[in-house]
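**Student:** Quick one: structure below, then a few questions.
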Amino acid sequence: MPVLTLDELREHARQRLPGPVWDFIEGGSGDEHTLRAGEAAYRELCLRPRVLVDVADPDCALELLGTPLASPFGVAPMAYHRLVHPQGETATAEGTARAGALLVVGMFASRPLEDIASAGGPRWLQVYWLRRRDALAGLVDRAEAAGFGALMLTVDAPQVARRRRDVRNAFALPADVTAVNLDPGLTERTHRATAGSSGIEAHAREQFDPTLTWDDLSWLRERTRLPLVLKGVLTAEDARIAVECGVDALVVSNHGGRQLDRAVPALQALPEVVASVPESCPVLIDGGVRSGADAAIALALGARAVLVGRPVLWGLAHAGAEGVGQVLGLLRSELLETMALSGCPSLAGLGPTAVSRRPPLRDHPWPPSHGEPSRTASTTSGGLR
Ligand SMILES: Cc1cc2nc3c(=O)[nH]c(=O)nc-3n(C[C@H](O)[C@H](O)[C@H](O)COP(=O)(O)O)c2cc1C
Ligand SMILES: CCCCCCC(=O)C(=O)O
């Protein structure tokens, strides 16, 4: 029986994985308010389809920071794929490469960067700011040598938030799952939970450098010739500073509800971030994207691409590389169908006028004013960008 929805894959994965691993993946921080709100934000919006547009050949290919992609989907950086499949990130890389999507490999990947790279396909590397700056520098050099196309610094995690599911489960990594790209001294703590703290949280407290500020970014900027992407920006203020600091792209993200609980849903933050950076600075989004229609909404509100987290791990747990390919293939075909049925055959045609709020809010001008009526759906008027 073919898998028709991401929800079906989620159920397959839930049945296959041990409870504490499932909780680590699915869970969020605090009351999990932001986790729930991230998905719900997409349900608050509707599409405004245009009709009588030639949609015989919808196209969702694009180029992102010089990286050609068959679709505007990427795999969000996630630690330890071997928790859900023995081949871990190499299987994820194979499935992602086959789908022509972007893979953002996490600093805490459980397979060597060079093995992941050998699957081919577009790939970027995500890093955290470690106290051990030499370890960070070594990883950046390896990423460049292995053909990674950009460096993504996650900035919403000066410490790992308390995730109660992991504390209750005394979650720690099994001995055979480890962050193999870092030296063992740096990762040893992830295998031991203590009362009141998961191994992950305790490790991050020891290794992540919470003193990181904008002033430090220049070190990384000068260290690499790769484009620099900041992940975890949720305000116009920070987006503007990032651009001033020479950042090349942003990911609007609340870490899938795993860091600051009560943080604004990424979709809600997207328009202000898009409006505050130049066109030359692509804005990506992640958190709660579960269908091609969700992706279409994010793209219409100015995201250049959409990263997907947990669903990729569901696919990986279910069927390895094949399952990852299923997730990304399903999302791409749903997006193309949404574009065709909305009268937006190109990504450029997907603008803010393709979306409306439900119910209409009285305190904002919404839907945006359309100016002169257009005979094509490819209008970008509307004032959100
Ligand atoms: C199991 C797991 C591990 C993650 N590890 C990282 C990580 O190492 N670095 C990072 O920047 N984000 C990490 N994230 C956050 C994702 O990159 C992304 O922001 C989030 O999962 C998007 O939400 P979604 O899962 O609803 O798509 C992780 C998320 C999950 C679920
Ligand atoms: C012990 C290393 C920290 C991994 C953090 C992974 C992560 O970001 C997550 O959300 O989980």
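Chain labels follow the order of the structure tokens: the first chain is A, the next B, and so on; residue numbering restarts at 1 in every chain, and ligands are counted from 1 in their shown order.
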Please find the residues contacting ligand 1 at a distance of at most 7 Å between atoms, with only C-alpha atoms and all ligand atoms counted, and report them as an NGL selection string.

**Tutor:** :A and (24-26 or 76-79 or 106-108 or 126 or 154 or 231 or 253-256 or 286-289 or 307-311)

**Student:** Please identify which residues in range 143-282 of chain A DSSP calls strand (DSSP E) from the backbone, and express them as an MDAnalysis selection string.

**Tutor:** chainID A and resid 151:154 228:233 249:252

**Student:** Determine, counting only C-alpha atoms, which protein, DNA and RNA residues have an atom within 7 Å of an atom of Leu45 in chain A; residues of the same chain fewer than 5 positions away are not included. Present the result as JSON, numbers by chain.

**Tutor:** {"A": [355, 356, 357, 358]}

**Student:** Any idea what's packed within 6 Å of range 193-204 of chain A, counting only C-alpha atoms, ignoring anything in its chain fewer than 2 positions away? Could you give it as a PyMOL selection string?

**Tutor:** chain A and resi 160+166-167+170-172+189-191+206-208

**Student:** Could you write out that same residue set with C-alpha atoms as a PDB file, in the first residue's frame?

**Tutor:**
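Result file follows (part.pdb):
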ATOM      1  CA  VAL A 160      19.495  23.456  25.023  1.00  0.00           C
ATOM      2  CA  ASP A 166      13.627  13.794  27.759  1.00  0.00           C
ATOM      3  CA  VAL A 167      14.053  14.584  31.459  1.00  0.00           C
ATOM      4  CA  ALA A 170      16.356  10.240  31.478  1.00  0.00           C
ATOM      5  CA  PHE A 171      17.191  10.365  27.782  1.00  0.00           C
ATOM      6  CA  ALA A 172      20.806   9.744  26.820  1.00  0.00           C
ATOM      7  CA  ARG A 189      28.516  13.566  28.122  1.00  0.00           C
ATOM      8  CA  THR A 190      25.636  12.875  25.689  1.00  0.00           C
ATOM      9  CA  HIS A 191      25.609   9.245  26.818  1.00  0.00           C
ATOM     10  CA  GLU A 206      29.221  22.010  28.948  1.00  0.00           C
ATOM     11  CA  GLN A 207      30.038  22.526  25.255  1.00  0.00           C
ATOM     12  CA  PHE A 208      27.897  25.335  23.805  1.00  0.00           C
TER      13      PHE A 208
END

**Student:** Can you pull out every residue within 8 Å of Arg16 in chain A, counting only C-alpha atoms, but drop anything in the same chain fewer than 3 positions away, and send it as a PyMOL selection string?

**Tutor:** chain A and resi 12-13+317-318

**Student:** Can you spit out the residues from that selection as a PDB file, in the first residue's frame, using C-alpha atoms?

**Tutor:**
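Saved result, out08.pdb, follows:
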ATOM      1  CA  HIS A  12       4.753   3.906  10.822  1.00  0.00           C
ATOM      2  CA  ALA A  13       7.741   5.568  12.481  1.00  0.00           C
ATOM      3  CA  ALA A 317      12.807   5.358  10.313  1.00  0.00           C
ATOM      4  CA  HIS A 318      10.194   3.788   8.045  1.00  0.00           C
TER       5      HIS A 318
END

**Student:** With 8 Å as the cut-off and only C-alpha atoms counted, what is the closest atom pair between each nearby residue of range 279-328 of chain A and range 263-271 of chain A? Distances in Å to one decimal, ordered by chain and number, as JSON lines.

**Tutor:**
{"residue": "A:Ile285", "atom": "CA", "partner": "A:Ala266", "partner_atom": "CA", "distance": 6.8}
{"residue": "A:Asp286", "atom": "CA", "partner": "A:Ala266", "partner_atom": "CA", "distance": 6.9}
{"residue": "A:Gly287", "atom": "CA", "partner": "A:Ala266", "partner_atom": "CA", "distance": 6.6}
{"residue": "A:Ala298", "atom": "CA", "partner": "A:Leu267", "partner_atom": "CA", "distance": 6.8}
{"residue": "A:Leu301", "atom": "CA", "partner": "A:Pro271", "partner_atom": "CA", "distance": 6.2}
{"residue": "A:Gly302", "atom": "CA", "partner": "A:Pro271", "partner_atom": "CA", "distance": 6.8}
{"residue": "A:Ala303", "atom": "CA", "partner": "A:Leu270", "partner_atom": "CA", "distance": 7.3}

**Student:** For the residues in that selection, give me N, CA and C atoms as a short mmCIF file (atom, residue, chain, number, x, y, z; two decimals), in the first residue's frame.

**Tutor:**
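Contents of result02.cif, as written:
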data_model
loop_
_atom_site.label_atom_id
_atom_site.label_comp_id
_atom_site.auth_asym_id
_atom_site.auth_seq_id
_atom_site.Cartn_x
_atom_site.Cartn_y
_atom_site.Cartn_z
N ILE A 285 12.52 29.14 5.84
CA ILE A 285 11.69 28.95 7.05
C ILE A 285 11.69 27.48 7.40
N ASP A 286 11.53 27.18 8.69
CA ASP A 286 11.21 25.80 9.09
C ASP A 286 10.29 25.79 10.30
N GLY A 287 9.73 24.59 10.53
CA GLY A 287 8.86 24.40 11.69
C GLY A 287 7.42 24.20 11.30
N ALA A 298 4.07 29.34 2.86
CA ALA A 298 5.32 29.97 3.30
C ALA A 298 6.02 30.66 2.12
N LEU A 301 4.44 33.89 1.25
CA LEU A 301 4.73 34.97 2.20
C LEU A 301 6.21 35.35 2.19
N GLY A 302 6.93 34.87 1.22
CA GLY A 302 8.28 35.40 1.00
C GLY A 302 9.42 34.45 1.29
N ALA A 303 9.12 33.23 1.80
CA ALA A 303 10.22 32.28 2.00
C ALA A 303 10.76 31.85 0.64
#

**Student:** Would you pick out the contacts of Pro49 in chain A at 9 Å or less, using only C-alpha atoms, so that residues sharing its chain but fewer than 6 positions from it are not included, and give the list as a ChimeraX atom specification?

**Tutor:** /A:339,341-344,354-355,377

**Student:** Write the selection just made, keeping C-alpha atoms, as a PDB file, in the first residue's frame?

**Tutor:**
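File selection12.pdb, as written:
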ATOM      1  CA  MET A 339       0.658  25.682  -7.577  1.00  0.00           C
ATOM      2  CA  LEU A 341      -4.700  24.579  -8.701  1.00  0.00           C
ATOM      3  CA  SER A 342      -3.867  28.062  -7.393  1.00  0.00           C
ATOM      4  CA  GLY A 343      -3.060  29.394 -10.849  1.00  0.00           C
ATOM      5  CA  CYS A 344       0.603  29.961  -9.898  1.00  0.00           C
ATOM      6  CA  ALA A 354      -2.072  34.080  -3.011  1.00  0.00           C
ATOM      7  CA  VAL A 355      -2.815  33.887   0.732  1.00  0.00           C
ATOM      8  CA  ALA A 377      -1.476  35.429 -11.341  1.00  0.00           C
TER       9      ALA A 377
END

**Student:** Quick one: residues within 12 Å of Gly138 in chain A, only C-alpha atoms, excluding same-chain residues fewer than 6 positions away - as a ChimeraX atom specification?

**Tutor:** /A:107,113,127,130,132,144-145,181-183,220,223-224

**Student:** In Å, with one decimal, what is the gap from CA of Ala293 in chain A to CA of Gly315 in chain A?

**Tutor:**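 The value is 19.1 Å.
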
**Student:** Just the number, please: distance in Å from CA of Leu316 in chain A to CA of Thr90 in chain A, one decimal.

**Tutor:**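 Straight-line distance from CA of Leu316 in chain A to CA of Thr90 in chain A works out to 10.5 Å.
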
**Student:** I need the residue nearest ligand 2 from this list: A:Phe73, A:Trp124, A:Tyr42, A:Trp129. Use only C-alpha atoms and all ligand atoms for the distance.

**Tutor:**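 Using only C-alpha atoms and all ligand atoms, the shortest distance to ligand 2 belongs to A:Trp129.
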
**Student:** For ligand 2, which residue among A:Leu331, A:Leu260, A:Val51, A:Ala93 is the nearest when counting only C-alpha atoms and all ligand atoms?

**Tutor:**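 Nearest to ligand 2: A:Leu260.
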
**Student:** May I ask for the distance between CA of Gln259 in chain A and CA of Pro278 in chain A, given in Å to one decimal place?

**Tutor:**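 Those two atoms sit 27.6 Å apart.
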
**Student:** Of the candidates A:Gly121, A:Gly28, A:Pro2, A:Pro68, which one gets nearest to ligand 2 if we count only C-alpha atoms and all ligand atoms?

**Tutor:** A:Gly28

**Student:** When DSSP is applied to the backbone of this structure, which of range 196-381 of chain A are assigned alpha helix (DSSP H)? Write them out as an NGL selection string.

**Tutor:** :A and (199-207 or 217-223 or 236-244 or 266-275 or 292-300 or 310-342)
